[in-house]
>>> print(open('coords29.txt').read())   # compact mmCIF, C-alpha atoms
# COMPACT_ATOMS: atom_id res chain seq x y z
CA MET F 146 -309.65 -83.67 50.33
CA THR F 147 -307.94 -83.89 53.68
CA PRO F 148 -306.26 -87.01 55.06
CA ALA F 149 -308.96 -87.45 57.67
CA GLU F 150 -311.70 -87.34 55.04
CA ALA F 151 -309.82 -89.56 52.62
CA ASN F 152 -309.81 -92.70 54.74
CA GLY F 153 -312.08 -91.77 57.66
CA SER F 154 -309.37 -92.52 60.17
CA ALA F 155 -309.39 -90.68 63.48
CA MET F 156 -305.62 -91.14 63.58
CA ASP F 157 -305.27 -88.65 60.74
CA LEU F 158 -306.98 -85.80 62.57
CA GLU F 159 -303.75 -84.57 64.15
CA ALA F 160 -302.03 -84.64 60.74
CA HIS F 161 -304.85 -82.55 59.29
CA LEU F 162 -304.66 -80.01 62.11
CA SER F 163 -300.87 -79.89 61.89
CA SER F 164 -301.14 -79.07 58.18
CA PHE F 165 -303.82 -76.47 58.88
CA LEU F 166 -301.64 -74.76 61.48
CA ALA F 167 -298.71 -74.65 59.10
CA LEU F 168 -300.54 -73.49 55.98
CA ARG F 169 -303.87 -71.84 56.74
CA ALA F 170 -304.17 -70.62 60.32
CA GLY F 171 -302.10 -67.46 59.86
CA LEU F 172 -300.12 -68.16 63.02
CA ALA F 173 -296.36 -67.98 63.52
CA ARG F 174 -294.11 -69.39 66.22
CA GLY F 175 -294.70 -67.44 69.42
CA ASP F 176 -298.32 -66.56 68.56
CA GLY F 177 -301.29 -67.47 70.72
CA ALA F 178 -304.75 -68.85 69.91
CA VAL F 179 -307.97 -69.41 71.83
CA VAL F 180 -309.83 -72.71 71.45
CA ALA F 181 -313.58 -72.47 72.10
CA VAL F 182 -314.60 -75.65 73.95
CA SER F 183 -318.17 -76.43 74.99
CA GLY F 184 -317.53 -79.90 76.41
CA GLY F 185 -319.20 -81.61 73.44
CA VAL F 186 -317.43 -84.26 71.40
CA ASP F 187 -316.64 -81.87 68.52
CA SER F 188 -314.81 -79.24 70.55
CA ILE F 189 -313.08 -81.86 72.74
CA ALA F 190 -311.73 -83.45 69.55
CA LEU F 191 -310.56 -80.07 68.27
CA LEU F 192 -308.78 -79.28 71.54
CA ALA F 193 -307.13 -82.69 71.88
CA GLY F 194 -306.18 -82.78 68.20
CA LEU F 195 -304.65 -79.31 68.26
CA ALA F 196 -302.58 -79.65 71.43
CA ALA F 197 -299.57 -81.58 70.07
CA PRO F 198 -299.38 -79.81 66.64
CA ALA F 199 -299.59 -76.43 68.40
CA ARG F 200 -296.72 -77.32 70.75
CA ARG F 201 -294.57 -78.41 67.80
CA ALA F 202 -295.46 -75.19 65.92
CA GLY F 203 -294.66 -73.00 68.93
CA VAL F 204 -298.26 -71.76 69.17
CA SER F 205 -299.68 -71.36 72.70
CA LEU F 206 -303.29 -72.43 73.21
CA HIS F 207 -305.77 -71.03 75.73
CA VAL F 208 -309.11 -72.74 76.35
CA ALA F 209 -312.29 -70.65 76.60
CA TYR F 210 -315.52 -72.12 77.99
CA LEU F 211 -318.84 -70.25 78.26
CA ASP F 212 -321.71 -71.51 80.41
CA HIS F 213 -324.95 -70.53 78.69
CA GLY F 214 -327.06 -71.26 81.76
CA TRP F 215 -329.51 -73.30 79.70
CA ARG F 216 -329.37 -76.43 81.86
CA VAL F 217 -327.56 -78.23 84.66
CA SER F 218 -324.32 -79.42 83.08
CA GLU F 219 -320.98 -81.02 83.89
CA ALA F 220 -319.41 -79.46 80.80
CA ALA F 221 -317.26 -77.01 82.80
CA MET F 222 -315.68 -79.86 84.76
CA ILE F 223 -315.12 -81.86 81.58
CA VAL F 224 -313.43 -78.95 79.85
CA ALA F 225 -311.25 -78.30 82.88
CA GLU F 226 -310.29 -82.00 83.09
CA VAL F 227 -309.32 -82.31 79.39
CA ALA F 228 -307.45 -78.99 79.43
CA GLY F 229 -305.64 -80.12 82.60
CA ARG F 230 -304.54 -83.37 80.96
CA LEU F 231 -303.13 -81.33 78.07
CA GLY F 232 -301.51 -78.76 80.35
CA LEU F 233 -303.52 -75.85 78.96
CA PRO F 234 -305.02 -72.84 80.81
CA VAL F 235 -308.78 -72.30 80.86
CA THR F 236 -310.94 -69.18 81.14
CA THR F 237 -314.57 -69.77 82.12
CA GLY F 238 -317.46 -67.35 81.64
CA ARG F 239 -321.22 -67.37 82.10
CA LEU F 240 -323.97 -65.66 80.16
CA PRO F 241 -326.20 -63.32 82.19
CA PRO F 242 -329.86 -64.27 82.71
CA GLY F 243 -332.08 -63.60 79.71
CA PHE F 244 -329.78 -64.79 76.94
CA ALA F 245 -331.05 -68.34 77.30
CA ALA F 246 -334.32 -67.26 75.71
CA SER F 247 -332.68 -66.40 72.39
CA GLU F 248 -330.25 -68.56 70.45
CA GLY F 249 -329.34 -65.57 68.29
CA LEU F 250 -328.52 -63.34 71.26
CA ALA F 251 -326.55 -66.15 72.86
CA ARG F 252 -324.51 -66.60 69.67
CA GLN F 253 -323.64 -62.90 69.56
CA ALA F 254 -322.73 -62.90 73.25
CA ARG F 255 -320.60 -66.01 72.75
CA ARG F 256 -318.60 -64.36 69.96
CA ARG F 257 -318.09 -61.23 72.09
CA TYR F 258 -316.91 -63.37 74.99
CA LEU F 259 -314.42 -65.28 72.84
CA LYS F 260 -313.03 -62.06 71.39
CA ARG F 261 -312.69 -60.63 74.89
CA VAL F 262 -310.75 -63.70 76.05
CA ALA F 263 -308.54 -63.48 72.96
CA ASP F 264 -307.80 -59.83 73.72
CA LEU F 265 -306.98 -60.62 77.36
CA VAL F 266 -304.51 -63.40 76.52
CA GLY F 267 -303.10 -61.75 73.38
CA ALA F 268 -304.38 -64.45 70.99
CA ARG F 269 -304.44 -63.81 67.24
CA ARG F 270 -306.95 -66.52 66.32
CA ILE F 271 -310.01 -68.21 67.83
CA PHE F 272 -310.55 -71.86 66.87
CA LEU F 273 -314.13 -73.12 66.49
CA ALA F 274 -315.16 -76.78 66.16
CA HIS F 275 -317.71 -76.58 63.31
CA HIS F 276 -317.31 -79.69 61.17
CA ALA F 277 -318.50 -81.15 57.85
CA ASP F 278 -321.90 -82.22 59.19
CA ASP F 279 -322.46 -78.68 60.53
CA GLN F 280 -321.48 -77.30 57.13
CA ALA F 281 -323.98 -79.53 55.31
CA GLU F 282 -326.74 -78.47 57.72
CA THR F 283 -325.82 -74.79 57.30
CA VAL F 284 -325.95 -74.97 53.50
CA LEU F 285 -329.29 -76.77 53.53
CA MET F 286 -330.74 -74.40 56.15
CA ARG F 287 -329.69 -71.29 54.21
CA LEU F 288 -331.00 -72.74 50.97
CA ALA F 289 -334.36 -73.52 52.59
CA GLN F 290 -334.61 -70.03 54.12
CA GLY F 291 -333.56 -68.26 50.93
CA THR F 292 -330.03 -67.03 50.33
CA GLY F 293 -327.67 -65.84 47.63
CA PRO F 294 -324.64 -67.71 46.25
CA GLY F 295 -322.53 -66.49 49.16
CA GLY F 296 -324.89 -68.07 51.69
CA MET F 297 -324.99 -71.35 49.79
CA SER F 298 -321.21 -71.62 50.08
CA GLY F 299 -321.66 -72.21 53.81
CA MET F 300 -319.43 -71.18 56.69
CA ASN F 301 -316.02 -69.69 55.98
CA THR F 302 -312.87 -71.39 57.17
CA GLU F 303 -311.55 -68.01 58.36
CA ALA F 304 -313.42 -64.80 59.10
CA GLU F 305 -312.74 -61.92 61.50
CA GLY F 306 -310.12 -63.86 63.45
CA PHE F 307 -312.30 -66.99 63.85
CA VAL F 308 -310.99 -70.16 62.20
CA ARG F 309 -312.79 -73.45 61.54
CA PRO F 310 -310.21 -76.11 60.73
CA LEU F 311 -312.68 -79.04 60.85
CA LEU F 312 -315.07 -78.09 58.04
CA ASP F 313 -313.76 -81.00 55.94
CA ILE F 314 -313.97 -83.52 58.79
CA ARG F 315 -317.04 -85.65 59.49
CA LYS F 316 -318.44 -85.89 62.99
CA ASP F 317 -317.99 -89.66 63.17
CA VAL F 318 -314.24 -89.14 62.68
CA LEU F 319 -314.20 -86.67 65.58
CA ARG F 320 -316.15 -89.02 67.81
CA ALA F 321 -313.81 -91.92 67.00
CA PHE F 322 -310.79 -89.72 67.78
CA VAL F 323 -312.18 -88.80 71.21
CA GLU F 324 -313.29 -92.34 72.06
CA GLU F 325 -309.95 -93.87 71.03
CA ARG F 326 -308.24 -91.59 73.56
CA GLY F 327 -310.78 -92.21 76.31
CA LEU F 328 -311.54 -88.51 76.67
CA PRO F 329 -314.71 -87.41 78.48
CA PHE F 330 -317.36 -85.36 76.70
CA GLU F 331 -320.99 -84.41 77.24
CA GLU F 332 -323.94 -84.92 74.91
CA ASP F 333 -326.09 -81.78 74.86
CA PRO F 334 -329.76 -82.92 75.09
CA THR F 335 -330.90 -79.71 73.37
CA ASN F 336 -329.29 -81.07 70.17
CA ARG F 337 -332.23 -83.48 69.95
CA ASP F 338 -334.84 -80.72 70.25
CA ARG F 339 -336.47 -80.66 66.80
CA SER F 340 -338.11 -77.29 67.47
CA HIS F 341 -334.75 -75.83 66.38
CA LEU F 342 -334.48 -75.77 62.59
CA ARG F 343 -330.92 -77.06 62.55
CA ASN F 344 -331.84 -80.08 64.68
CA PHE F 345 -334.87 -80.81 62.49
CA LEU F 346 -332.69 -80.75 59.36
CA ARG F 347 -330.06 -82.91 61.08
CA HIS F 348 -332.35 -85.65 62.35
CA ASP F 349 -335.38 -85.57 60.04
CA VAL F 350 -333.91 -84.49 56.70
CA LEU F 351 -330.18 -85.06 56.29
CA ALA F 352 -330.20 -88.34 58.23
CA HIS F 353 -332.90 -89.78 55.93
CA VAL F 354 -331.23 -88.47 52.78
CA GLU F 355 -327.89 -89.93 53.92
CA ARG F 356 -329.50 -93.35 54.40
CA ARG F 357 -331.04 -93.19 50.91
CA LEU F 358 -327.98 -91.60 49.27
CA PRO F 359 -324.85 -92.46 51.27
CA GLY F 360 -322.27 -89.70 51.00
CA SER F 361 -324.86 -87.00 50.28
CA SER F 362 -323.69 -84.84 53.19
CA ARG F 363 -320.12 -84.93 51.89
CA ALA F 364 -321.43 -84.02 48.43
CA ILE F 365 -323.21 -80.96 49.87
CA VAL F 366 -320.00 -79.87 51.60
CA ARG F 367 -318.03 -80.44 48.39
CA GLU F 368 -320.45 -78.32 46.36
CA ALA F 369 -320.27 -75.60 49.03
CA GLY F 370 -316.49 -75.63 48.57
CA TYR F 371 -316.84 -75.10 44.82
CA LEU F 372 -319.26 -72.23 45.43
CA LYS F 373 -316.87 -70.73 47.98
CA SER F 374 -314.11 -70.58 45.36
CA ASP F 375 -316.49 -68.91 42.90
CA GLU F 376 -317.63 -66.43 45.53
CA ALA F 377 -314.05 -65.55 46.45
CA HIS F 378 -313.45 -64.74 42.78
CA PHE F 379 -316.58 -62.60 42.52
CA ARG F 380 -315.93 -60.96 45.89
CA GLY F 381 -312.66 -59.58 44.53
CA MET F 382 -314.47 -58.24 41.47
CA VAL F 383 -317.20 -56.65 43.60
CA GLU F 384 -314.59 -55.02 45.83
CA THR F 385 -312.91 -53.59 42.73
CA VAL F 386 -316.21 -52.04 41.59
CA LEU F 387 -317.04 -50.68 45.05
CA SER F 388 -313.54 -49.21 45.44
CA ARG F 389 -314.50 -46.80 42.66
CA SER F 390 -317.78 -45.88 44.35
CA ARG F 391 -318.50 -42.95 46.63
CA ARG F 392 -321.09 -42.78 49.40
CA LEU F 393 -323.32 -39.73 48.90
CA ALA F 394 -326.16 -38.77 51.24
CA SER F 395 -328.57 -41.75 51.22
CA GLY F 396 -327.03 -43.50 48.24
CA VAL F 397 -323.95 -44.59 46.32
CA ASP F 398 -322.30 -42.95 43.31
CA LEU F 399 -321.09 -45.79 41.13
CA SER F 400 -318.85 -46.19 38.08
CA LEU F 401 -319.20 -49.37 35.98
CA THR F 402 -317.24 -50.38 32.89
CA ALA F 403 -318.91 -51.81 29.79
CA GLY F 404 -317.53 -55.26 30.67
CA GLU F 405 -318.92 -55.08 34.19
CA LEU F 406 -322.32 -53.98 32.91
CA ALA F 407 -322.38 -57.00 30.57
CA ASP F 408 -321.61 -59.43 33.42
CA GLU F 409 -325.01 -60.13 34.98
CA ALA F 410 -323.59 -62.47 37.62
CA LEU F 411 -321.26 -59.71 38.79
CA LEU F 412 -324.00 -57.07 38.62
CA SER F 413 -326.25 -59.21 40.83
CA ARG F 414 -323.57 -59.34 43.49
CA VAL F 415 -322.85 -55.61 43.17
CA ALA F 416 -326.57 -54.90 43.53
CA LEU F 417 -326.77 -57.13 46.61
CA ALA F 418 -323.75 -55.39 48.19
CA ILE F 419 -325.19 -51.92 47.51
CA LEU F 420 -328.60 -52.80 48.94
CA ARG F 421 -326.99 -54.14 52.11
CA ASP F 422 -324.74 -51.07 52.37
CA LEU F 423 -327.85 -48.89 52.18
CA GLY F 424 -329.43 -50.81 55.05
CA ARG F 425 -332.01 -52.55 52.88
CA ARG F 426 -333.14 -56.15 53.31
CA PRO F 427 -332.74 -57.32 49.72
CA THR F 428 -335.32 -59.52 48.06
CA THR F 429 -334.72 -61.44 44.85
CA GLY F 430 -337.13 -59.10 43.06
CA GLN F 431 -335.34 -55.96 44.23
CA VAL F 432 -331.92 -57.33 43.24
CA ARG F 433 -333.27 -58.10 39.76
CA ALA F 434 -334.87 -54.67 39.46
CA LEU F 435 -331.65 -52.95 40.52
CA VAL F 436 -329.59 -55.01 38.04
CA LYS F 437 -331.98 -54.02 35.26
CA ALA F 438 -331.76 -50.34 36.23
CA LEU F 439 -327.94 -50.47 36.45
CA LYS F 440 -327.75 -51.97 32.95
CA SER F 441 -329.98 -49.26 31.49
CA GLY F 442 -328.33 -46.49 33.52
CA GLN F 443 -331.55 -45.35 35.13
CA GLY F 444 -334.86 -46.59 36.46
CA GLY F 445 -336.66 -47.68 39.60
CA ALA F 446 -335.42 -50.49 41.82
CA GLY F 447 -338.43 -50.80 44.13
CA ARG F 448 -339.06 -49.54 47.67
CA ARG F 449 -338.43 -45.89 46.74
CA LEU F 450 -334.98 -46.75 45.39
CA GLY F 451 -333.84 -45.43 42.04
CA VAL F 452 -330.89 -45.34 39.66
CA PHE F 453 -330.00 -41.94 38.16
CA PRO F 454 -327.28 -40.77 35.76
CA SER F 455 -324.42 -39.05 37.60
CA ALA F 456 -321.07 -37.53 36.72
CA SER F 457 -319.32 -40.77 37.75
CA GLY F 458 -321.78 -43.07 36.03
CA VAL F 459 -324.92 -43.73 38.07
CA TYR F 460 -326.26 -42.81 41.48
CA VAL F 461 -328.20 -45.46 43.41
CA GLY F 462 -330.28 -44.14 46.25
CA ASP F 463 -333.56 -42.82 47.59
CA ASP F 464 -335.66 -41.51 44.72
CA THR F 465 -337.39 -38.87 46.88
CA PRO F 466 -336.14 -35.36 45.92
CA LEU F 467 -334.43 -33.45 48.71
CA LEU F 468 -336.16 -30.36 50.05
CA ASP F 469 -335.53 -27.07 48.23
CA LEU F 470 -332.86 -24.71 49.45
CA PRO F 471 -334.19 -21.67 51.28
CA ALA F 472 -334.41 -18.64 48.99
CA VAL F 473 -332.01 -15.99 50.33
CA THR F 474 -331.57 -12.42 49.10
CA VAL F 475 -327.97 -11.19 49.04
CA ALA F 476 -327.41 -7.43 48.91
CA ALA F 477 -324.27 -5.94 47.34
CA GLY F 478 -321.40 -5.89 49.84
CA SER F 479 -322.92 -8.58 52.09
CA VAL F 480 -321.69 -12.14 52.63
CA LEU F 481 -323.71 -15.35 52.36
CA VAL F 482 -322.57 -18.81 53.47
CA LEU F 483 -325.09 -21.47 52.45
CA ASP F 484 -324.81 -25.09 53.64
CA GLY F 485 -326.66 -28.30 52.82
CA LEU F 486 -325.87 -28.44 49.10
CA ALA F 487 -326.14 -31.41 46.79
CA PRO F 488 -323.20 -33.82 47.26
CA GLY F 489 -320.80 -34.37 44.41
CA LEU F 490 -320.86 -30.87 42.91
CA ALA F 491 -317.63 -29.65 41.32
CA GLU F 492 -315.48 -27.07 43.03
CA GLY F 493 -315.65 -23.72 41.27
CA SER F 494 -315.68 -19.97 41.57
CA GLY F 495 -316.78 -16.96 39.57
CA PHE F 496 -318.07 -13.41 39.87
CA LEU F 497 -321.61 -12.09 39.88
CA PRO F 498 -322.50 -9.40 37.33
CA GLY F 499 -324.25 -6.16 38.22
CA LYS F 500 -324.69 -4.52 41.59
CA GLY F 501 -327.27 -6.88 43.01
CA PRO F 502 -329.25 -7.74 44.92
CA TRP F 503 -329.10 -11.43 44.00
CA ILE F 504 -331.30 -14.30 45.10
CA VAL F 505 -329.81 -17.71 45.89
CA ARG F 506 -332.39 -20.51 45.55
CA SER F 507 -333.25 -23.88 44.05
CA TRP F 508 -334.22 -24.20 40.39
CA ARG F 509 -337.79 -23.78 39.16
CA ALA F 510 -339.48 -24.88 35.98
CA GLY F 511 -338.70 -22.42 33.19
CA ASP F 512 -335.42 -21.10 34.70
CA ALA F 513 -332.94 -20.03 32.04
CA MET F 514 -329.25 -19.20 32.32
CA SER F 515 -328.31 -15.63 31.45
CA GLY F 516 -326.65 -15.61 28.02
CA HIS F 517 -327.73 -19.20 27.28
CA ARG F 518 -330.69 -20.64 25.47
CA THR F 519 -330.44 -23.86 27.45
CA LYS F 520 -332.85 -24.20 30.31
CA VAL F 521 -331.40 -24.83 33.78
CA LYS F 522 -333.21 -28.16 33.89
CA GLU F 523 -331.29 -29.26 30.80
CA ILE F 524 -328.01 -27.90 32.20
CA LEU F 525 -328.47 -30.00 35.34
CA GLY F 526 -329.30 -33.04 33.21
CA LYS F 527 -326.24 -32.61 30.95
CA ALA F 528 -324.06 -32.20 34.06
CA ARG F 529 -325.51 -35.55 35.23
CA VAL F 530 -326.60 -34.20 38.60
CA PRO F 531 -328.75 -37.03 40.02
CA ARG F 532 -332.40 -35.98 39.95
CA PRO F 533 -333.00 -36.30 43.73
CA PHE F 534 -330.20 -33.77 44.36
CA ARG F 535 -331.16 -31.10 41.82
CA SER F 536 -333.22 -29.19 44.35
CA ARG F 537 -330.03 -28.71 46.39
CA VAL F 538 -327.97 -27.14 43.59
CA PRO F 539 -327.82 -23.39 44.35
CA LEU F 540 -328.83 -21.03 41.57
CA VAL F 541 -327.92 -17.33 41.74
CA GLU F 542 -330.62 -15.13 40.23
CA GLY F 543 -329.61 -11.61 39.13
CA PRO F 544 -331.67 -8.41 39.39
CA ASP F 545 -332.97 -9.06 35.86
CA GLY F 546 -334.56 -12.34 36.94
CA ARG F 547 -332.08 -14.38 34.90
CA ILE F 548 -329.80 -17.05 36.37
CA ALA F 549 -326.24 -15.77 36.73
CA ALA F 550 -324.73 -19.03 38.04
CA VAL F 551 -325.58 -22.69 38.62
CA ALA F 552 -323.07 -23.20 41.41
CA GLY F 553 -320.85 -26.23 40.97
CA VAL F 554 -322.07 -26.71 37.41
CA LEU F 555 -321.90 -23.51 35.31
CA TRP F 556 -320.70 -19.99 36.07
CA GLY F 557 -322.05 -16.89 34.35
CA ALA F 558 -320.63 -13.59 33.11
CA VAL F 559 -317.65 -11.89 34.76
CA GLY F 560 -318.57 -9.32 37.39
CA SER F 561 -317.17 -7.86 40.58
CA THR F 562 -318.67 -9.87 43.46
CA PRO F 563 -316.93 -13.23 44.05
CA VAL F 564 -318.94 -16.44 44.47
CA ALA F 565 -317.38 -19.84 45.22
CA LEU F 566 -318.47 -23.39 45.94
CA ASP F 567 -316.61 -25.59 48.40
CA PRO F 568 -317.70 -29.20 47.67
CA ASP F 569 -315.71 -30.60 50.61
CA ARG F 570 -317.95 -28.71 53.02
CA GLY F 571 -321.07 -28.69 50.81
CA ARG F 572 -321.05 -24.91 51.09
CA LEU F 573 -321.66 -21.91 48.83
CA ILE F 574 -319.98 -18.59 49.64
CA VAL F 575 -321.11 -15.34 48.10
CA GLY F 576 -319.04 -12.21 48.64
CA VAL F 577 -315.90 -13.91 49.98
CA ARG F 578 -313.31 -15.94 48.11
CA ARG F 579 -312.93 -19.56 49.29
CA PRO F 580 -309.25 -19.21 50.40
CA MET F 581 -310.30 -16.51 52.88
CA LEU F 582 -312.33 -19.08 54.82
CA LYS F 583 -309.29 -21.25 55.54
>>> encode(input="coords29.txt", output="structure tokens")
Amino acid sequence: MTPAEANGSAMDLEAHLSSFLALRAGLARGDGAVVAVSGGVDSIALLAGLAAPARRAGVSLHVAYLDHGWRVSEAAMIVAEVAGRLGLPVTTGRLPPGFAASEGLARQARRRYLKRVADLVGARRIFLAHHADDQAETVLMRLAQGTGPGGMSGMNTEAEGFVRPLLDIRKDVLRAFVEERGLPFEEDPTNRDRSHLRNFLRHDVLAHVERRLPGSSRAIVREAGYLKSDEAHFRGMVETVLSRSRRLASGVDLSLTAGELADEALLSRVALAILRDLGRRPTTGQVRALVKALKSGQGGAGRRLGVFPSASGVYVGDDTPLLDLPAVTVAAGSVLVLDGLAPGLAEGSGFLPGKGPWIVRSWRAGDAMSGHRTKVKEILGKARVPRPFRSRVPLVEGPDGRIAAVAGVLWGAVGSTPVALDPDRGRLIVGVRRPMLK
């Protein structure tokens, strides 16, 4: 709990921000930071509260204001006046026409603008004025819309250079701080527009709950903090798992330990991360299906997504088989370079028996390896080539109709014509040794 939250005193806001600058902002003496100020009471409090601690810490502040063009406003003058009182420079921008129609587009444009200002002035951090009430609304909104544990933990204090030092501070503390100092600010009338979900939750849900259960908003923020700690722990574990993964074609080759497979909470988060990495919009049902398939080592995960045994462990990706390789006849003394092979095949080389000609193609039902009883289908299975990729494993068929090589998996009898597979390029070379291509 911060000093400002502990006793609700506006006088403690500067102490809180001074501590944040020293311990959590990631700024050193001589660094610069941008403060995003809209002219509302929250951002005016942030700016005024940061000014003195930043001077003492040797951090230079630069004020950034963006006019959204939504309404006639005196916010620009207010920001300029407060910044002038504090002796701080201001950069002002304006959104182009059209962004006013979309809150989402405006938010993205606002972040781009703030990053651009930070780049121009050489700032390492951008301060935002989101506070405890905003955090409570965010948690409730995400919960109502459907979210995972990460979403329920609310906004992050620091992410991608943006910092939110007020997430523990209630809005009434910020308002008292500004009013005690006689600073101007502007109330945004759009904050009362209940057609926006956040405003509806603020005025028609949280306000009523707070009256019935005083302190409920703080309790929501506190629970979000607990979840944030849990998510930071799991995020490190997920990153460890994904660091052992490899992106292949339209999927991910994944290695999981027995302990990781037994940890369903971790698997759920791994599944969610994989689905997002693959460009999917995960549903609860698909996450559950993928967790089940990961635990069994194979199976469907919905929406044409499957889990298949692979050399590393399992492959998660599109369950539609890739198209067959073109069948190519290679005469003795000629050279073939074939691209578009299955990813993840092992590097290898051998020699083709006989004088040819040979046919390079995909496997067919009933194919058998020369000198082996095992069918090619079983060889591919034992090598843990994911099923969608098996059509892209090149087989070399000899003049006798038998398979002389399963390139990248198993090489046949010694002969005179060299054949090599270059997995880095996904390329098979017949008639030329691999070093000769470099």
>>> closest_residue(input="coords29.txt", among="F:Phe165, F:Tyr258, F:Phe272, F:Phe379", to="Ala181 of chain F", atoms="all atoms listed in the file")
F:Phe272
>>> residues_around(input="coords29.txt", residues="Phe322 of chain F", least_positions_apart="4", cutoff="12 Å", atoms="only C-alpha atoms", output="number ranges by chain")
F: 149, 153-159, 186-194, 314-318, 326-330
>>> atom_distance(input="coords29.txt", atom1="atom CA of Leu346 of chain F", atom2="atom CA of Leu195 of chain F")
29.5 Å
>>> residues_around(input="coords29.txt", residues="Gly306 of chain F", least_positions_apart="3", cutoff="7 Å", atoms="all atoms listed in the file", output="list in words")
Arg269, Arg270, Ile271 and Glu303 of chain F
>>> write_last_selection(input="coords29.txt", atoms="C-alpha atoms", output="CSV table (one decimal), in the frame of the given file")
chain,number,residue,atom,x,y,z
F,269,ARG,CA,-304.4,-63.8,67.2
F,270,ARG,CA,-307.0,-66.5,66.3
F,271,ILE,CA,-310.0,-68.2,67.8
F,303,GLU,CA,-311.6,-68.0,58.4
>>> residues_around(input="coords29.txt", residues="Arg309 of chain F", least_positions_apart="6", cutoff="9 Å", atoms="only C-alpha atoms", output="list in words")
Ile271, Phe272, Leu273, Ala274, His275, His276, Met300, Asn301, Thr302 and Glu303 of chain F
>>> write_last_selection(input="coords29.txt", atoms="C-alpha atoms", output="short mmCIF file (atom, residue, chain, number, x, y, z; two decimals), in the frame of the given file")
data_model
loop_
_atom_site.label_atom_id
_atom_site.label_comp_id
_atom_site.auth_asym_id
_atom_site.auth_seq_id
_atom_site.Cartn_x
_atom_site.Cartn_y
_atom_site.Cartn_z
CA ILE F 271 -310.01 -68.21 67.83
CA PHE F 272 -310.55 -71.86 66.87
CA LEU F 273 -314.13 -73.12 66.49
CA ALA F 274 -315.16 -76.78 66.16
CA HIS F 275 -317.71 -76.58 63.31
CA HIS F 276 -317.31 -79.69 61.17
CA MET F 300 -319.43 -71.18 56.69
CA ASN F 301 -316.02 -69.69 55.98
CA THR F 302 -312.87 -71.39 57.17
CA GLU F 303 -311.55 -68.01 58.36
#
>>> residues_around(input="coords29.txt", residues="Val386 of chain F", least_positions_apart="5", cutoff="12 Å", atoms="all atoms listed in the file", output="list in words")
Phe379, Arg380, Gly381, Arg391, Val397, Asp398, Leu399, Ser400, Leu401, Thr402, Gly404, Glu405, Leu406, Leu411, Leu412, Arg414, Val415, Ala416, Ala418, Ile419 and Gly458 of chain F
>>> write_last_selection(input="coords29.txt", atoms="C-alpha atoms", output="mmCIF file, in the coordinates of the input")
data_model
loop_
_atom_site.group_PDB
_atom_site.id
_atom_site.type_symbol
_atom_site.label_atom_id
_atom_site.label_comp_id
_atom_site.auth_asym_id
_atom_site.auth_seq_id
_atom_site.Cartn_x
_atom_site.Cartn_y
_atom_site.Cartn_z
ATOM 1 C CA PHE F 379 -316.580 -62.600 42.520
ATOM 2 C CA ARG F 380 -315.930 -60.960 45.890
ATOM 3 C CA GLY F 381 -312.660 -59.580 44.530
ATOM 4 C CA ARG F 391 -318.500 -42.950 46.630
ATOM 5 C CA VAL F 397 -323.950 -44.590 46.320
ATOM 6 C CA ASP F 398 -322.300 -42.950 43.310
ATOM 7 C CA LEU F 399 -321.090 -45.790 41.130
ATOM 8 C CA SER F 400 -318.850 -46.190 38.080
ATOM 9 C CA LEU F 401 -319.200 -49.370 35.980
ATOM 10 C CA THR F 402 -317.240 -50.380 32.890
ATOM 11 C CA GLY F 404 -317.530 -55.260 30.670
ATOM 12 C CA GLU F 405 -318.920 -55.080 34.190
ATOM 13 C CA LEU F 406 -322.320 -53.980 32.910
ATOM 14 C CA LEU F 411 -321.260 -59.710 38.790
ATOM 15 C CA LEU F 412 -324.000 -57.070 38.620
ATOM 16 C CA ARG F 414 -323.570 -59.340 43.490
ATOM 17 C CA VAL F 415 -322.850 -55.610 43.170
ATOM 18 C CA ALA F 416 -326.570 -54.900 43.530
ATOM 19 C CA ALA F 418 -323.750 -55.390 48.190
ATOM 20 C CA ILE F 419 -325.190 -51.920 47.510
ATOM 21 C CA GLY F 458 -321.780 -43.070 36.030
#
>>> atom_distance(input="coords29.txt", atom1="atom CA of Thr283 of chain F", atom2="atom CA of Asp313 of chain F")
13.6 Å
>>> atom_distance(input="coords29.txt", atom1="atom CA of Leu351 of chain F", atom2="atom CA of Leu312 of chain F")
16.7 Å
>>> closest_residue(input="coords29.txt", among="F:His207, F:Arg174, F:Arg257, F:Arg547", to="Trp503 of chain F", atoms="all atoms listed in the file")
F:Arg547
>>> axis_aligned_box(input="coords29.txt", around="segment 536-542 of chain F", padding_each_side="5 Å", output="lines of an AutoDock Vina configuration file")
center_x = -330.5
center_y = -22.2
center_z = 43.3
size_x = 15.4
size_y = 24.1
size_z = 16.2
>>> residues_around(input="coords29.txt", residues="Leu483 of chain F", least_positions_apart="2", cutoff="9 Å", atoms="all atoms listed in the file", output="list in words")
Leu470, Leu481, Gly485, Leu486, Val505, Pro539, Gly571, Arg572, Leu573, Ile574 and Val575 of chain F
>>> residues_near_point(input="coords29.txt", point="(-329.7, -46.7, 33.4)", cutoff="12 Å", atoms="only C-alpha atoms", output="MDAnalysis selection string")
chainID F and resid 399:401 406 434:446 451:455 458:461 531
